[in-house]
Amino acid sequence: MDAYARKFEVLRVSVTSLCGFGCMYCAPGTAAESQVSVPASFLSPELFQRNLSLLSKKLSIQEIHLTGGEPTLHKELPELVRISNKEGIQDIAVTSNGFFRDGLIRDLKDAGLTRMNFSLDALEQTAFSRISGKNLPLDRLLNRIEEALSFGLDVKLNCTVLKTYNEDQILPLLHWTGARNISIRYLELMKMGPLQEKHSELFYSAEEIRDRLSSDFEFLSVPTPLESTARYYETKEKYRFGIIANHTEPFCEGCNRLRMDSRGRIYGCLSDFRSFPVSEDGTELEASLHAAMQTKKNVFTGSELSMKYIGG
């Protein structure tokens with residue numbers, strides 16, 4: 001725990017930095033991804049199990065979030081979920097773009113998965129293709145969302161809003177998700193990785209998001225825990241949405257996240273690319289956790305490192 005009473009309770013794990021998409025807000029195109037180059041790799045179940053066991057002796061981990069990159073490209077993703085479950089973690093989540101093999105959701109559910117987060121940045125095919133960098137059928141993603149719901153998983157949707165790309169999708173998305181009783185979170189574009197220089201050109205603020213939503217909906221804020229990344233609202237129709245506003249409405253004072261990359265190294269803050277070892281026997285862990293906590297910022301500043309390397 002640091003001077004602001006922050007503590008590590010959520011572990012976000014980038015199980016691989018690989019992703020088949022080239023989303024504008026993470027890895028636009030196939031060119032330079034970041035000024036900080038990190039080789040692509042996959043987190044082995046053995047390393048994950050060892051690190052998780054060591055971390056659990058020092059921390060009270062309430063949630064594990066397996067992400068990337070695109071975690072479903074990891075062939076042993078169900079095993080990583082199973083390891084988390086065996087460690088006694090109550091809340092186990094996976095974030096995905098929705099393009100993965102048939103049967104995977106069932107396998108993840110059977111392994112102990114409790115929640116799936118999907119990136120859904122548009123409900124219109126052209127906008128979806130433009131922002132994802134891939135000409136893939138949007139219906140396939142929508143069907144995966146429905147499939148996850150059918151298995152009884154808690155489902156959340158994330159929409160990163162970029163000016164001139166998908167701000168016109170904000171309203172259709174809330175109409176669609178609200179009718180299905182799904183919570184959607186709108187994200188301000190984070191100043192990270194390859195978009196640092198273009199950030200101001202593409203940035204769409206939380207205030208602008210609320211203004212656009214108010215043209216169709218009346219809504220009020222609802223109580224939100226301090227550690228939540230999103231500020232939540234509810235419309236008169238009982239539609240629920242959140243806004244994650246790292247830049248204009250930072251929530252650093254309640255951050256309880258520790259991050260791990262696919263090499264097993266840990267990070268304390270999205271705004272700091274420094275990483276620290278866990279070590280095979282845990283001898284360095286106390287010092288590493290202390291150092292990671294010291295990197296936490298009071299205001300989000302961004303980083304040269306792309307989010308996909310540290311569990312974006």
# chains A, B, ... in the order shown; residues from 1 in each chain; ligands from 1
call {"tool": "residues_around", "arguments": {"residues": "Tyr186 of chain A", "least_positions_apart": "3", "cutoff": "9 Å", "atoms": "only C-alpha atoms", "output": "list in words"}}
result
Asp121, Leu157, Asn158, Cys159, Thr160, Val161, Ile170, Ala206, Ile209, Ala230, Phe241, Gly242, Ile243, Ile244 and Ala245 of chain A
call {"tool": "write_last_selection", "arguments": {"atoms": "N, CA and C atoms", "output": "short mmCIF file (atom, residue, chain, number, x, y, z; two decimals), in the first residue's frame"}}
result
data_model
loop_
_atom_site.label_atom_id
_atom_site.label_comp_id
_atom_site.auth_asym_id
_atom_site.auth_seq_id
_atom_site.Cartn_x
_atom_site.Cartn_y
_atom_site.Cartn_z
N ASP A 121 -16.26 -1.21 -31.35
CA ASP A 121 -16.04 0.21 -31.58
C ASP A 121 -17.01 0.82 -32.59
N LEU A 157 -18.86 -4.44 -22.82
CA LEU A 157 -18.35 -4.01 -24.11
C LEU A 157 -17.55 -2.72 -23.94
N ASN A 158 -16.47 -2.61 -24.71
CA ASN A 158 -15.63 -1.42 -24.69
C ASN A 158 -15.63 -0.77 -26.06
N CYS A 159 -15.80 0.54 -26.08
CA CYS A 159 -15.72 1.31 -27.32
C CYS A 159 -14.75 2.46 -27.12
N THR A 160 -13.62 2.41 -27.83
CA THR A 160 -12.68 3.52 -27.80
C THR A 160 -13.11 4.52 -28.86
N VAL A 161 -13.34 5.75 -28.44
CA VAL A 161 -13.90 6.76 -29.34
C VAL A 161 -12.77 7.61 -29.94
N ILE A 170 -21.57 6.29 -31.25
CA ILE A 170 -21.82 6.33 -29.81
C ILE A 170 -23.29 6.04 -29.50
N ALA A 206 -14.66 12.87 -22.66
CA ALA A 206 -15.81 12.35 -21.93
C ALA A 206 -16.99 13.32 -22.00
N ILE A 209 -18.66 12.94 -25.27
CA ILE A 209 -19.42 11.69 -25.30
C ILE A 209 -20.76 11.87 -24.61
N ALA A 230 -14.16 3.18 -14.68
CA ALA A 230 -15.26 3.87 -15.37
C ALA A 230 -16.16 4.60 -14.38
N PHE A 241 -24.31 2.67 -18.92
CA PHE A 241 -23.06 2.87 -19.65
C PHE A 241 -22.03 3.51 -18.73
N GLY A 242 -20.77 3.34 -19.10
CA GLY A 242 -19.69 3.94 -18.34
C GLY A 242 -18.79 4.74 -19.27
N ILE A 243 -18.01 5.62 -18.69
CA ILE A 243 -17.03 6.38 -19.44
C ILE A 243 -15.69 6.28 -18.72
N ILE A 244 -14.69 5.81 -19.44
CA ILE A 244 -13.33 5.72 -18.91
C ILE A 244 -12.55 6.89 -19.48
N ALA A 245 -12.31 7.87 -18.63
CA ALA A 245 -11.73 9.14 -19.08
C ALA A 245 -10.37 9.37 -18.44
#
call {"tool": "residues_around", "arguments": {"residues": "Thr248 of chain A", "least_positions_apart": "4", "cutoff": "9 Å", "atoms": "only C-alpha atoms", "output": "PyMOL selection string"}}
result
chain A and resi 188+205-207
call {"tool": "closest_atom_pairs", "arguments": {"of": "segment 7-118 of chain A", "to": "segment 127-148 of chain A", "cutoff": "7 Å", "atoms": "only C-alpha atoms", "output": "CSV"}}
result
residue,atom,partner,partner_atom,distance
A:Phe21,CA,A:Ser132,CA,5.9
A:Gly22,CA,A:Gly133,CA,4.8
A:Cys23,CA,A:Ser132,CA,4.1
A:Met24,CA,A:Ile131,CA,5.5
A:Gly29,CA,A:Gly133,CA,6.6
A:Gly98,CA,A:Leu141,CA,4.9
A:Phe99,CA,A:Leu141,CA,6.5
A:Ile105,CA,A:Ala148,CA,6.6
call {"tool": "select_by_dssp", "arguments": {"residues": "segment 35-284 of chain A", "states": "strand (DSSP E)", "output": "number ranges by chain"}}
result
A: 63-68, 91-96, 115-119, 154-161, 183-188, 219-221, 231-235, 240-244, 257-260, 266-267
call {"tool": "select_by_dssp", "arguments": {"residues": "segment 59-135 of chain A", "states": "helix (DSSP H, G or I)", "output": "number ranges by chain"}}
result
A: 71-73, 77-86, 104-111, 125-132
call {"tool": "write_last_selection", "arguments": {"atoms": "N, CA, C and O atoms", "output": "mmCIF file, in the first residue's frame"}}
result
data_model
loop_
_atom_site.group_PDB
_atom_site.id
_atom_site.type_symbol
_atom_site.label_atom_id
_atom_site.label_comp_id
_atom_site.auth_asym_id
_atom_site.auth_seq_id
_atom_site.Cartn_x
_atom_site.Cartn_y
_atom_site.Cartn_z
ATOM 1 N N PRO A 71 -5.800 -12.176 -26.608
ATOM 2 C CA PRO A 71 -5.520 -13.370 -25.819
ATOM 3 C C PRO A 71 -5.999 -14.669 -26.436
ATOM 4 O O PRO A 71 -5.452 -15.737 -26.155
ATOM 5 N N THR A 72 -7.035 -14.611 -27.291
ATOM 6 C CA THR A 72 -7.541 -15.852 -27.878
ATOM 7 C C THR A 72 -6.582 -16.446 -28.906
ATOM 8 O O THR A 72 -6.788 -17.572 -29.366
ATOM 9 N N LEU A 73 -5.515 -15.716 -29.261
ATOM 10 C CA LEU A 73 -4.469 -16.282 -30.110
ATOM 11 C C LEU A 73 -3.548 -17.212 -29.321
ATOM 12 O O LEU A 73 -2.739 -17.933 -29.901
ATOM 13 N N LEU A 77 -5.021 -20.678 -23.702
ATOM 14 C CA LEU A 77 -5.794 -19.723 -22.905
ATOM 15 C C LEU A 77 -6.709 -20.415 -21.888
ATOM 16 O O LEU A 77 -6.769 -19.977 -20.729
ATOM 17 N N PRO A 78 -7.442 -21.487 -22.251
ATOM 18 C CA PRO A 78 -8.264 -22.165 -21.228
ATOM 19 C C PRO A 78 -7.440 -22.654 -20.040
ATOM 20 O O PRO A 78 -7.916 -22.615 -18.897
ATOM 21 N N GLU A 79 -6.206 -23.076 -20.301
ATOM 22 C CA GLU A 79 -5.349 -23.533 -19.207
ATOM 23 C C GLU A 79 -4.972 -22.374 -18.293
ATOM 24 O O GLU A 79 -4.899 -22.529 -17.064
ATOM 25 N N LEU A 80 -4.742 -21.193 -18.855
ATOM 26 C CA LEU A 80 -4.429 -20.020 -18.040
ATOM 27 C C LEU A 80 -5.626 -19.652 -17.159
ATOM 28 O O LEU A 80 -5.459 -19.254 -16.006
ATOM 29 N N VAL A 81 -6.837 -19.800 -17.710
ATOM 30 C CA VAL A 81 -8.045 -19.570 -16.919
ATOM 31 C C VAL A 81 -8.141 -20.607 -15.807
ATOM 32 O O VAL A 81 -8.451 -20.291 -14.651
ATOM 33 N N ARG A 82 -7.836 -21.862 -16.147
ATOM 34 C CA ARG A 82 -7.920 -22.945 -15.164
ATOM 35 C C ARG A 82 -6.932 -22.717 -14.015
ATOM 36 O O ARG A 82 -7.257 -22.937 -12.838
ATOM 37 N N ILE A 83 -5.748 -22.251 -14.341
ATOM 38 C CA ILE A 83 -4.739 -21.958 -13.312
ATOM 39 C C ILE A 83 -5.244 -20.861 -12.375
ATOM 40 O O ILE A 83 -5.100 -20.954 -11.150
ATOM 41 N N SER A 84 -5.855 -19.837 -12.945
ATOM 42 C CA SER A 84 -6.405 -18.743 -12.137
ATOM 43 C C SER A 84 -7.497 -19.254 -11.207
ATOM 44 O O SER A 84 -7.571 -18.878 -10.030
ATOM 45 N N ASN A 85 -8.332 -20.129 -11.733
ATOM 46 C CA ASN A 85 -9.430 -20.690 -10.955
ATOM 47 C C ASN A 85 -8.908 -21.542 -9.800
ATOM 48 O O ASN A 85 -9.404 -21.460 -8.669
ATOM 49 N N LYS A 86 -7.887 -22.350 -10.075
ATOM 50 C CA LYS A 86 -7.322 -23.218 -9.042
ATOM 51 C C LYS A 86 -6.656 -22.407 -7.932
ATOM 52 O O LYS A 86 -6.554 -22.869 -6.795
ATOM 53 N N LEU A 104 -14.520 -22.052 -28.255
ATOM 54 C CA LEU A 104 -13.602 -21.495 -27.264
ATOM 55 C C LEU A 104 -14.350 -20.945 -26.051
ATOM 56 O O LEU A 104 -13.901 -21.115 -24.915
ATOM 57 N N ILE A 105 -15.477 -20.295 -26.263
ATOM 58 C CA ILE A 105 -16.217 -19.732 -25.124
ATOM 59 C C ILE A 105 -16.639 -20.833 -24.166
ATOM 60 O O ILE A 105 -16.518 -20.697 -22.944
ATOM 61 N N ARG A 106 -17.107 -21.949 -24.706
ATOM 62 C CA ARG A 106 -17.479 -23.081 -23.843
ATOM 63 C C ARG A 106 -16.264 -23.580 -23.060
ATOM 64 O O ARG A 106 -16.345 -23.836 -21.847
ATOM 65 N N ASP A 107 -15.123 -23.704 -23.733
ATOM 66 C CA ASP A 107 -13.908 -24.179 -23.068
ATOM 67 C C ASP A 107 -13.471 -23.224 -21.955
ATOM 68 O O ASP A 107 -13.045 -23.660 -20.876
ATOM 69 N N LEU A 108 -13.577 -21.935 -22.206
ATOM 70 C CA LEU A 108 -13.188 -20.940 -21.202
ATOM 71 C C LEU A 108 -14.147 -20.967 -20.020
ATOM 72 O O LEU A 108 -13.727 -20.885 -18.858
ATOM 73 N N LYS A 109 -15.435 -21.097 -20.314
ATOM 74 C CA LYS A 109 -16.440 -21.177 -19.250
ATOM 75 C C LYS A 109 -16.193 -22.408 -18.373
ATOM 76 O O LYS A 109 -16.227 -22.336 -17.141
ATOM 77 N N ASP A 110 -15.935 -23.556 -19.015
ATOM 78 C CA ASP A 110 -15.683 -24.791 -18.271
ATOM 79 C C ASP A 110 -14.424 -24.697 -17.417
ATOM 80 O O ASP A 110 -14.320 -25.337 -16.368
ATOM 81 N N ALA A 111 -13.465 -23.870 -17.865
ATOM 82 C CA ALA A 111 -12.209 -23.719 -17.130
ATOM 83 C C ALA A 111 -12.350 -22.785 -15.937
ATOM 84 O O ALA A 111 -11.464 -22.750 -15.070
ATOM 85 N N GLN A 125 -20.628 -1.491 -40.514
ATOM 86 C CA GLN A 125 -19.520 -2.276 -41.048
ATOM 87 C C GLN A 125 -18.349 -1.425 -41.525
ATOM 88 O O GLN A 125 -17.193 -1.718 -41.232
ATOM 89 N N THR A 126 -18.612 -0.369 -42.267
ATOM 90 C CA THR A 126 -17.520 0.454 -42.800
ATOM 91 C C THR A 126 -16.703 1.075 -41.674
ATOM 92 O O THR A 126 -15.473 1.076 -41.707
ATOM 93 N N ALA A 127 -17.384 1.601 -40.671
ATOM 94 C CA ALA A 127 -16.687 2.211 -39.535
ATOM 95 C C ALA A 127 -15.902 1.162 -38.762
ATOM 96 O O ALA A 127 -14.770 1.414 -38.322
ATOM 97 N N PHE A 128 -16.490 -0.022 -38.604
ATOM 98 C CA PHE A 128 -15.809 -1.102 -37.894
ATOM 99 C C PHE A 128 -14.522 -1.500 -38.622
ATOM 100 O O PHE A 128 -13.461 -1.667 -37.999
ATOM 101 N N SER A 129 -14.590 -1.652 -39.939
ATOM 102 C CA SER A 129 -13.416 -2.037 -40.719
ATOM 103 C C SER A 129 -12.341 -0.957 -40.672
ATOM 104 O O SER A 129 -11.149 -1.243 -40.571
ATOM 105 N N ARG A 130 -12.772 0.283 -40.736
ATOM 106 C CA ARG A 130 -11.823 1.391 -40.749
ATOM 107 C C ARG A 130 -11.051 1.491 -39.442
ATOM 108 O O ARG A 130 -9.838 1.685 -39.433
ATOM 109 N N ILE A 131 -11.748 1.349 -38.329
ATOM 110 C CA ILE A 131 -11.079 1.514 -37.045
ATOM 111 C C ILE A 131 -10.287 0.276 -36.642
ATOM 112 O O ILE A 131 -9.262 0.369 -35.967
ATOM 113 N N SER A 132 -10.721 -0.909 -37.086
ATOM 114 C CA SER A 132 -10.020 -2.152 -36.724
ATOM 115 C C SER A 132 -8.860 -2.460 -37.657
ATOM 116 O O SER A 132 -7.991 -3.265 -37.320
#
call {"tool": "closest_residue", "arguments": {"among": "A:Leu202, A:Ala5, A:Leu43, A:Val13", "to": "Cys252 of chain A", "atoms": "only C-alpha atoms"}}
result
A:Ala5
call {"tool": "atom_distance", "arguments": {"atom1": "atom CA of Leu189 of chain A", "atom2": "atom CA of Thr95 of chain A"}}
result
17.4 Å
call {"tool": "atom_distance", "arguments": {"atom1": "atom CA of Ala122 of chain A", "atom2": "atom CA of Gln169 of chain A"}}
result
5.5 Å
call {"tool": "residues_around", "arguments": {"residues": "segment 287-289 of chain A", "least_positions_apart": "2", "cutoff": "7 Å", "atoms": "only C-alpha atoms", "output": "MDAnalysis selection string"}}
result
chainID A and resid 276:278 284:285 291:293
call {"tool": "write_last_selection", "arguments": {"atoms": "all heavy atoms", "output": "CSV table (one decimal), in the first residue's frame"}}
result
chain,number,residue,atom,x,y,z
A,276,PHE,N,9.5,-5.0,-13.8
A,276,PHE,CA,10.3,-5.5,-12.7
A,276,PHE,C,10.1,-7.1,-12.7
A,276,PHE,O,9.0,-7.6,-13.0
A,276,PHE,CB,9.8,-4.9,-11.4
A,276,PHE,CG,9.8,-3.4,-11.4
A,276,PHE,CD1,8.6,-2.7,-11.7
A,276,PHE,CD2,11.0,-2.7,-11.2
A,276,PHE,CE1,8.6,-1.3,-11.8
A,276,PHE,CE2,11.0,-1.3,-11.2
A,276,PHE,CZ,9.8,-0.6,-11.5
A,277,PRO,N,11.1,-7.8,-12.2
A,277,PRO,CA,11.1,-9.3,-12.2
A,277,PRO,C,10.3,-9.8,-11.0
A,277,PRO,O,10.3,-9.2,-10.0
A,277,PRO,CB,12.6,-9.6,-12.2
A,277,PRO,CG,13.2,-8.5,-11.4
A,277,PRO,CD,12.5,-7.3,-11.8
A,278,VAL,N,9.7,-11.0,-11.2
A,278,VAL,CA,9.2,-11.7,-10.1
A,278,VAL,C,10.2,-12.6,-9.5
A,278,VAL,O,10.3,-12.8,-8.3
A,278,VAL,CB,7.9,-12.5,-10.5
A,278,VAL,CG1,7.4,-13.4,-9.4
A,278,VAL,CG2,6.8,-11.5,-11.0
A,284,GLU,N,13.1,-11.6,-5.2
A,284,GLU,CA,13.1,-10.2,-5.7
A,284,GLU,C,11.7,-9.6,-5.6
A,284,GLU,O,11.5,-8.4,-5.9
A,284,GLU,CB,13.6,-10.1,-7.1
A,284,GLU,CG,15.0,-10.5,-7.4
A,284,GLU,CD,15.4,-10.5,-8.8
A,284,GLU,OE1,15.1,-11.5,-9.5
A,284,GLU,OE2,15.9,-9.5,-9.3
A,285,LEU,N,10.7,-10.4,-5.3
A,285,LEU,CA,9.3,-10.0,-5.4
A,285,LEU,C,9.0,-8.8,-4.5
A,285,LEU,O,8.3,-7.9,-5.0
A,285,LEU,CB,8.4,-11.2,-5.2
A,285,LEU,CG,6.9,-10.9,-5.4
A,285,LEU,CD1,6.6,-10.3,-6.8
A,285,LEU,CD2,6.1,-12.1,-5.2
A,291,ALA,N,8.8,-1.4,-5.9
A,291,ALA,CA,9.2,-0.5,-7.0
A,291,ALA,C,8.0,-0.2,-8.0
A,291,ALA,O,7.9,0.9,-8.5
A,291,ALA,CB,10.4,-1.1,-7.8
A,292,ALA,N,7.2,-1.3,-8.3
A,292,ALA,CA,6.1,-1.1,-9.2
A,292,ALA,C,5.1,-0.1,-8.6
A,292,ALA,O,4.5,0.7,-9.3
A,292,ALA,CB,5.4,-2.5,-9.4
A,293,MET,N,4.8,-0.2,-7.3
A,293,MET,CA,3.9,0.7,-6.6
A,293,MET,C,4.4,2.1,-6.7
A,293,MET,O,3.6,3.1,-6.9
A,293,MET,CB,3.7,0.3,-5.2
A,293,MET,CG,2.7,1.2,-4.4
A,293,MET,SD,1.0,1.2,-5.1
A,293,MET,CE,0.4,-0.4,-4.5
call {"tool": "decode", "arguments": {"residues": "segment 231-266 of chain A", "atoms": "N, CA and C atoms", "output": "short mmCIF file (atom, residue, chain, number, x, y, z; two decimals), in the first residue's frame"}}
result
data_model
loop_
_atom_site.label_atom_id
_atom_site.label_comp_id
_atom_site.auth_asym_id
_atom_site.auth_seq_id
_atom_site.Cartn_x
_atom_site.Cartn_y
_atom_site.Cartn_z
N ARG A 231 -16.69 5.73 -14.82
CA ARG A 231 -17.76 6.41 -14.11
C ARG A 231 -19.06 6.01 -14.79
N TYR A 232 -19.99 5.44 -14.03
CA TYR A 232 -21.18 4.85 -14.64
C TYR A 232 -22.40 5.77 -14.56
N TYR A 233 -23.30 5.55 -15.55
CA TYR A 233 -24.53 6.32 -15.68
C TYR A 233 -25.66 5.37 -16.02
N GLU A 234 -26.89 5.81 -15.74
CA GLU A 234 -28.07 5.03 -16.09
C GLU A 234 -29.10 5.94 -16.73
N THR A 235 -29.67 5.50 -17.83
CA THR A 235 -30.68 6.30 -18.54
C THR A 235 -32.07 6.03 -17.95
N LYS A 236 -33.03 6.81 -18.38
CA LYS A 236 -34.41 6.61 -17.93
C LYS A 236 -34.92 5.24 -18.34
N GLU A 237 -34.36 4.71 -19.43
CA GLU A 237 -34.77 3.38 -19.92
C GLU A 237 -34.06 2.25 -19.18
N LYS A 238 -33.22 2.62 -18.18
CA LYS A 238 -32.42 1.67 -17.41
C LYS A 238 -31.25 1.11 -18.23
N TYR A 239 -30.86 1.81 -19.28
CA TYR A 239 -29.65 1.45 -20.00
C TYR A 239 -28.45 1.92 -19.18
N ARG A 240 -27.44 1.11 -19.10
CA ARG A 240 -26.28 1.42 -18.27
C ARG A 240 -25.04 1.60 -19.16
N PHE A 241 -24.31 2.67 -18.92
CA PHE A 241 -23.06 2.87 -19.65
C PHE A 241 -22.03 3.51 -18.73
N GLY A 242 -20.77 3.34 -19.10
CA GLY A 242 -19.69 3.94 -18.34
C GLY A 242 -18.79 4.74 -19.27
N ILE A 243 -18.01 5.62 -18.69
CA ILE A 243 -17.03 6.38 -19.44
C ILE A 243 -15.69 6.28 -18.72
N ILE A 244 -14.69 5.81 -19.44
CA ILE A 244 -13.33 5.72 -18.91
C ILE A 244 -12.55 6.89 -19.48
N ALA A 245 -12.31 7.87 -18.63
CA ALA A 245 -11.73 9.14 -19.08
C ALA A 245 -10.37 9.37 -18.44
N ASN A 246 -9.38 8.62 -18.90
CA ASN A 246 -8.04 8.73 -18.31
C ASN A 246 -7.50 10.15 -18.31
N HIS A 247 -7.80 10.89 -19.38
CA HIS A 247 -7.19 12.20 -19.53
C HIS A 247 -7.96 13.32 -18.86
N THR A 248 -9.27 13.40 -19.09
CA THR A 248 -10.01 14.56 -18.57
C THR A 248 -10.62 14.32 -17.18
N GLU A 249 -10.81 13.06 -16.80
CA GLU A 249 -11.36 12.75 -15.48
C GLU A 249 -10.60 11.57 -14.90
N PRO A 250 -9.30 11.76 -14.61
CA PRO A 250 -8.43 10.65 -14.19
C PRO A 250 -8.89 10.02 -12.88
N PHE A 251 -8.60 8.73 -12.75
CA PHE A 251 -9.03 7.95 -11.59
C PHE A 251 -7.83 7.29 -10.91
N CYS A 252 -6.68 7.89 -11.07
CA CYS A 252 -5.44 7.30 -10.57
C CYS A 252 -5.47 7.06 -9.06
N GLU A 253 -6.18 7.93 -8.32
CA GLU A 253 -6.15 7.83 -6.86
C GLU A 253 -6.74 6.53 -6.34
N GLY A 254 -7.53 5.84 -7.17
CA GLY A 254 -8.13 4.59 -6.71
C GLY A 254 -7.58 3.36 -7.42
N CYS A 255 -6.53 3.54 -8.22
CA CYS A 255 -6.03 2.43 -9.05
C CYS A 255 -5.52 1.28 -8.19
N ASN A 256 -6.03 0.08 -8.45
CA ASN A 256 -5.61 -1.12 -7.71
C ASN A 256 -5.03 -2.19 -8.63
N ARG A 257 -4.49 -1.76 -9.79
CA ARG A 257 -4.05 -2.71 -10.80
C ARG A 257 -2.54 -2.95 -10.81
N LEU A 258 -2.21 -4.22 -10.92
CA LEU A 258 -0.84 -4.66 -11.19
C LEU A 258 -0.89 -5.34 -12.55
N ARG A 259 0.13 -5.11 -13.37
CA ARG A 259 0.14 -5.68 -14.71
C ARG A 259 1.31 -6.64 -14.89
N MET A 260 1.08 -7.63 -15.75
CA MET A 260 2.13 -8.60 -16.07
C MET A 260 2.18 -8.78 -17.57
N ASP A 261 3.39 -8.82 -18.14
CA ASP A 261 3.50 -9.05 -19.58
C ASP A 261 3.75 -10.52 -19.87
N SER A 262 3.87 -10.85 -21.14
CA SER A 262 4.00 -12.26 -21.55
C SER A 262 5.35 -12.86 -21.19
N ARG A 263 6.27 -12.03 -20.70
CA ARG A 263 7.56 -12.54 -20.21
C ARG A 263 7.53 -12.76 -18.71
N GLY A 264 6.41 -12.42 -18.08
CA GLY A 264 6.27 -12.62 -16.64
C GLY A 264 6.73 -11.44 -15.81
N ARG A 265 7.08 -10.32 -16.44
CA ARG A 265 7.52 -9.14 -15.71
C ARG A 265 6.32 -8.28 -15.32
N ILE A 266 6.42 -7.57 -14.21
CA ILE A 266 5.29 -6.82 -13.69
C ILE A 266 5.50 -5.31 -13.84
#
